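Remarks on the structure that follows.
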Amino acid sequence: MVEQRTIAYLATLTDDELKRVVSVHDRPGKRYTVDGLLWNLIIHEARHVAQISVLLRTQGIEPPFLDLLKYLPMPSA
């Protein structure tokens, strides 16, 4: 359900929405743009993928291919 709602939200993004300034509940007094928060999310998730990959390799397990390219739809010619 979260993935579906996220995809639906991302499809509605406009320049104005990306520039919108929001407060974050766990950072009182701090304000961020939606664009900045989305970049933070991407970097945060990439860090977790790297952590999982390292943990798997320490156990002698080759991690799966998790690059975004695997999940992006191929554009039609």
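To be explicit about the labels: the chains of the structure tokens are called A, B, and onward in the order shown, and within each one the residues are counted from 1, while ligands get numbers from 1 in the order they are shown.
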
### Message
I need the strand (DSSP E) residues of stretch 5-71 of chain A per DSSP on the backbone, written as a ChimeraX atom specification.
### Response
/A:21-23,31-33

### Message
One decimal, in Å: what's the spacing between atom CA of A:Thr6 and atom CA of A:Pro28?
### Response
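The value is 24.4 Å.
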
### Task
Could you jot down the atom CA of A:Leu56 to atom CA of A:Ile43 separation for me, Å, one decimal place?
20.1 Å

#### Entry: Residues of chain A in alpha helix (DSSP H), written as JSON, numbers by chain
{"A": [2, 3, 4, 5, 6, 7, 8, 9, 10, 11, 15, 16, 17, 18, 19, 34, 35, 36, 37, 38, 39, 40, 41, 42, 43, 44, 45, 46, 47, 48, 49, 50, 51, 52, 53, 54, 55, 56, 57, 58]}

### Query
In Å, with one decimal, what is the gap from atom CA of A:Ser76 to atom CA of A:Leu13?
22.6 Å

Distance query A:Asp35 at most 10 Å, only C-alpha atoms, self and fewer than 6 positions along chain excluded, as a PDB file with all heavy atoms, in the first residue's frame:
```pdb
ATOM      1  N   LEU A  13       3.972  15.190  -8.880  1.00  0.00           N
ATOM      2  CA  LEU A  13       4.949  16.234  -8.552  1.00  0.00           C
ATOM      3  C   LEU A  13       5.023  17.318  -9.621  1.00  0.00           C
ATOM      4  O   LEU A  13       5.082  17.030 -10.814  1.00  0.00           O
ATOM      5  CB  LEU A  13       6.335  15.631  -8.362  1.00  0.00           C
ATOM      6  CG  LEU A  13       6.554  14.866  -7.069  1.00  0.00           C
ATOM      7  CD1 LEU A  13       7.947  14.263  -7.045  1.00  0.00           C
ATOM      8  CD2 LEU A  13       6.346  15.758  -5.865  1.00  0.00           C
ATOM      9  N   ASP A  15       6.844  21.482 -10.230  1.00  0.00           N
ATOM     10  CA  ASP A  15       7.927  22.348  -9.742  1.00  0.00           C
ATOM     11  C   ASP A  15       7.518  23.037  -8.441  1.00  0.00           C
ATOM     12  O   ASP A  15       8.321  23.165  -7.520  1.00  0.00           O
ATOM     13  CB  ASP A  15       8.301  23.390 -10.792  1.00  0.00           C
ATOM     14  CG  ASP A  15       9.100  22.797 -11.945  1.00  0.00           C
ATOM     15  OD1 ASP A  15       9.692  21.709 -11.773  1.00  0.00           O
ATOM     16  OD2 ASP A  15       9.125  23.422 -13.015  1.00  0.00           O
ATOM     17  N   ASP A  16       6.261  23.471  -8.370  1.00  0.00           N
ATOM     18  CA  ASP A  16       5.786  24.142  -7.149  1.00  0.00           C
ATOM     19  C   ASP A  16       5.799  23.186  -5.955  1.00  0.00           C
ATOM     20  O   ASP A  16       6.163  23.579  -4.842  1.00  0.00           O
ATOM     21  CB  ASP A  16       4.381  24.702  -7.346  1.00  0.00           C
ATOM     22  CG  ASP A  16       4.380  25.949  -8.219  1.00  0.00           C
ATOM     23  OD1 ASP A  16       5.443  26.584  -8.368  1.00  0.00           O
ATOM     24  OD2 ASP A  16       3.305  26.279  -8.752  1.00  0.00           O
ATOM     25  N   GLU A  17       5.390  21.935  -6.165  1.00  0.00           N
ATOM     26  CA  GLU A  17       5.393  20.962  -5.073  1.00  0.00           C
ATOM     27  C   GLU A  17       6.819  20.680  -4.620  1.00  0.00           C
ATOM     28  O   GLU A  17       7.084  20.591  -3.432  1.00  0.00           O
ATOM     29  CB  GLU A  17       4.695  19.669  -5.503  1.00  0.00           C
ATOM     30  CG  GLU A  17       4.749  18.551  -4.491  1.00  0.00           C
ATOM     31  CD  GLU A  17       4.015  18.804  -3.184  1.00  0.00           C
ATOM     32  OE1 GLU A  17       3.345  19.852  -3.033  1.00  0.00           O
ATOM     33  OE2 GLU A  17       4.123  17.968  -2.281  1.00  0.00           O
ATOM     34  N   LEU A  18       7.760  20.556  -5.548  1.00  0.00           N
ATOM     35  CA  LEU A  18       9.147  20.304  -5.185  1.00  0.00           C
ATOM     36  C   LEU A  18       9.742  21.461  -4.383  1.00  0.00           C
ATOM     37  O   LEU A  18      10.598  21.255  -3.522  1.00  0.00           O
ATOM     38  CB  LEU A  18       9.993  20.045  -6.433  1.00  0.00           C
ATOM     39  CG  LEU A  18       9.717  18.723  -7.145  1.00  0.00           C
ATOM     40  CD1 LEU A  18      10.440  18.696  -8.489  1.00  0.00           C
ATOM     41  CD2 LEU A  18      10.132  17.543  -6.282  1.00  0.00           C
ATOM     42  N   LYS A  19       9.288  22.670  -4.620  1.00  0.00           N
ATOM     43  CA  LYS A  19       9.786  23.855  -3.918  1.00  0.00           C
ATOM     44  C   LYS A  19       9.066  24.098  -2.597  1.00  0.00           C
ATOM     45  O   LYS A  19       9.498  24.941  -1.802  1.00  0.00           O
ATOM     46  CB  LYS A  19       9.636  25.088  -4.805  1.00  0.00           C
ATOM     47  CG  LYS A  19      10.526  25.049  -6.026  1.00  0.00           C
ATOM     48  CD  LYS A  19      10.246  26.231  -6.930  1.00  0.00           C
ATOM     49  CE  LYS A  19      10.973  26.100  -8.252  1.00  0.00           C
ATOM     50  NZ  LYS A  19      10.545  27.109  -9.220  1.00  0.00           N
ATOM     51  N   ARG A  20       7.970  23.377  -2.363  1.00  0.00           N
ATOM     52  CA  ARG A  20       7.170  23.590  -1.146  1.00  0.00           C
ATOM     53  C   ARG A  20       8.027  23.307   0.083  1.00  0.00           C
ATOM     54  O   ARG A  20       8.798  22.358   0.132  1.00  0.00           O
ATOM     55  CB  ARG A  20       5.941  22.685  -1.170  1.00  0.00           C
ATOM     56  CG  ARG A  20       5.014  22.865   0.008  1.00  0.00           C
ATOM     57  CD  ARG A  20       3.704  22.131  -0.206  1.00  0.00           C
ATOM     58  NE  ARG A  20       3.869  20.692  -0.326  1.00  0.00           N
ATOM     59  CZ  ARG A  20       3.755  19.830   0.687  1.00  0.00           C
ATOM     60  NH1 ARG A  20       3.495  20.266   1.913  1.00  0.00           N
ATOM     61  NH2 ARG A  20       3.898  18.533   0.471  1.00  0.00           N
ATOM     62  N   VAL A  21       7.911  24.165   1.092  1.00  0.00           N
ATOM     63  CA  VAL A  21       8.679  24.036   2.324  1.00  0.00           C
ATOM     64  C   VAL A  21       7.789  23.375   3.376  1.00  0.00           C
ATOM     65  O   VAL A  21       6.637  23.758   3.555  1.00  0.00           O
ATOM     66  CB  VAL A  21       9.168  25.417   2.810  1.00  0.00           C
ATOM     67  CG1 VAL A  21       9.897  25.297   4.129  1.00  0.00           C
ATOM     68  CG2 VAL A  21      10.072  26.060   1.753  1.00  0.00           C
ATOM     69  N   LEU A  41      15.782  10.991   1.046  1.00  0.00           N
ATOM     70  CA  LEU A  41      15.206   9.644   1.021  1.00  0.00           C
ATOM     71  C   LEU A  41      15.999   8.719   0.101  1.00  0.00           C
ATOM     72  O   LEU A  41      16.328   7.580   0.471  1.00  0.00           O
ATOM     73  CB  LEU A  41      13.747   9.718   0.556  1.00  0.00           C
ATOM     74  CG  LEU A  41      13.029   8.387   0.419  1.00  0.00           C
ATOM     75  CD1 LEU A  41      12.757   7.796   1.781  1.00  0.00           C
ATOM     76  CD2 LEU A  41      11.741   8.583  -0.348  1.00  0.00           C
TER      77      LEU A  41
END
```

Wanna dump the stretch 4-53 of chain A-stretch 59-74 of chain A contacts at 9 Å for me, each residue with its shortest atom pair and the distance in Å to one decimal, counting only C-alpha atoms, ordered by chain and number, as CSV?
```
residue,atom,partner,partner_atom,distance
A:Val49,CA,A:Leu66,CA,7.6
A:Ile52,CA,A:Pro63,CA,7.9
A:Ser53,CA,A:Pro63,CA,5.4
```

How would the residues just picked look written out with N, CA, C and O atoms as a PDB file, in the first residue's frame?
```pdb
ATOM      1  N   VAL A  49      20.877  -0.138   1.277  1.00  0.00           N
ATOM      2  CA  VAL A  49      21.217  -1.177   0.299  1.00  0.00           C
ATOM      3  C   VAL A  49      22.690  -1.551   0.445  1.00  0.00           C
ATOM      4  O   VAL A  49      23.045  -2.740   0.432  1.00  0.00           O
ATOM      5  N   ILE A  52      23.188  -3.683   3.630  1.00  0.00           N
ATOM      6  CA  ILE A  52      22.712  -5.054   3.427  1.00  0.00           C
ATOM      7  C   ILE A  52      23.708  -5.827   2.569  1.00  0.00           C
ATOM      8  O   ILE A  52      24.030  -6.983   2.861  1.00  0.00           O
ATOM      9  N   SER A  53      24.214  -5.187   1.518  1.00  0.00           N
ATOM     10  CA  SER A  53      25.181  -5.848   0.644  1.00  0.00           C
ATOM     11  C   SER A  53      26.443  -6.239   1.401  1.00  0.00           C
ATOM     12  O   SER A  53      26.961  -7.352   1.236  1.00  0.00           O
TER      13      SER A  53
END
```

### Selected residue of minimal separation from A:Thr14 among A:Arg27, A:Thr58, A:Val2, A:Val34, counting only C-alpha atoms
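Going through A:Arg27, A:Thr58, A:Val2, A:Val34 one by one, the smallest distance to A:Thr14 is for A:Val34.
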
### Exercise: A:Tyr32 partners within 7 Å, only C-alpha atoms, chain neighbours under 5 positions left out, as a VMD selection string
chain A and resid 21 to 23 37
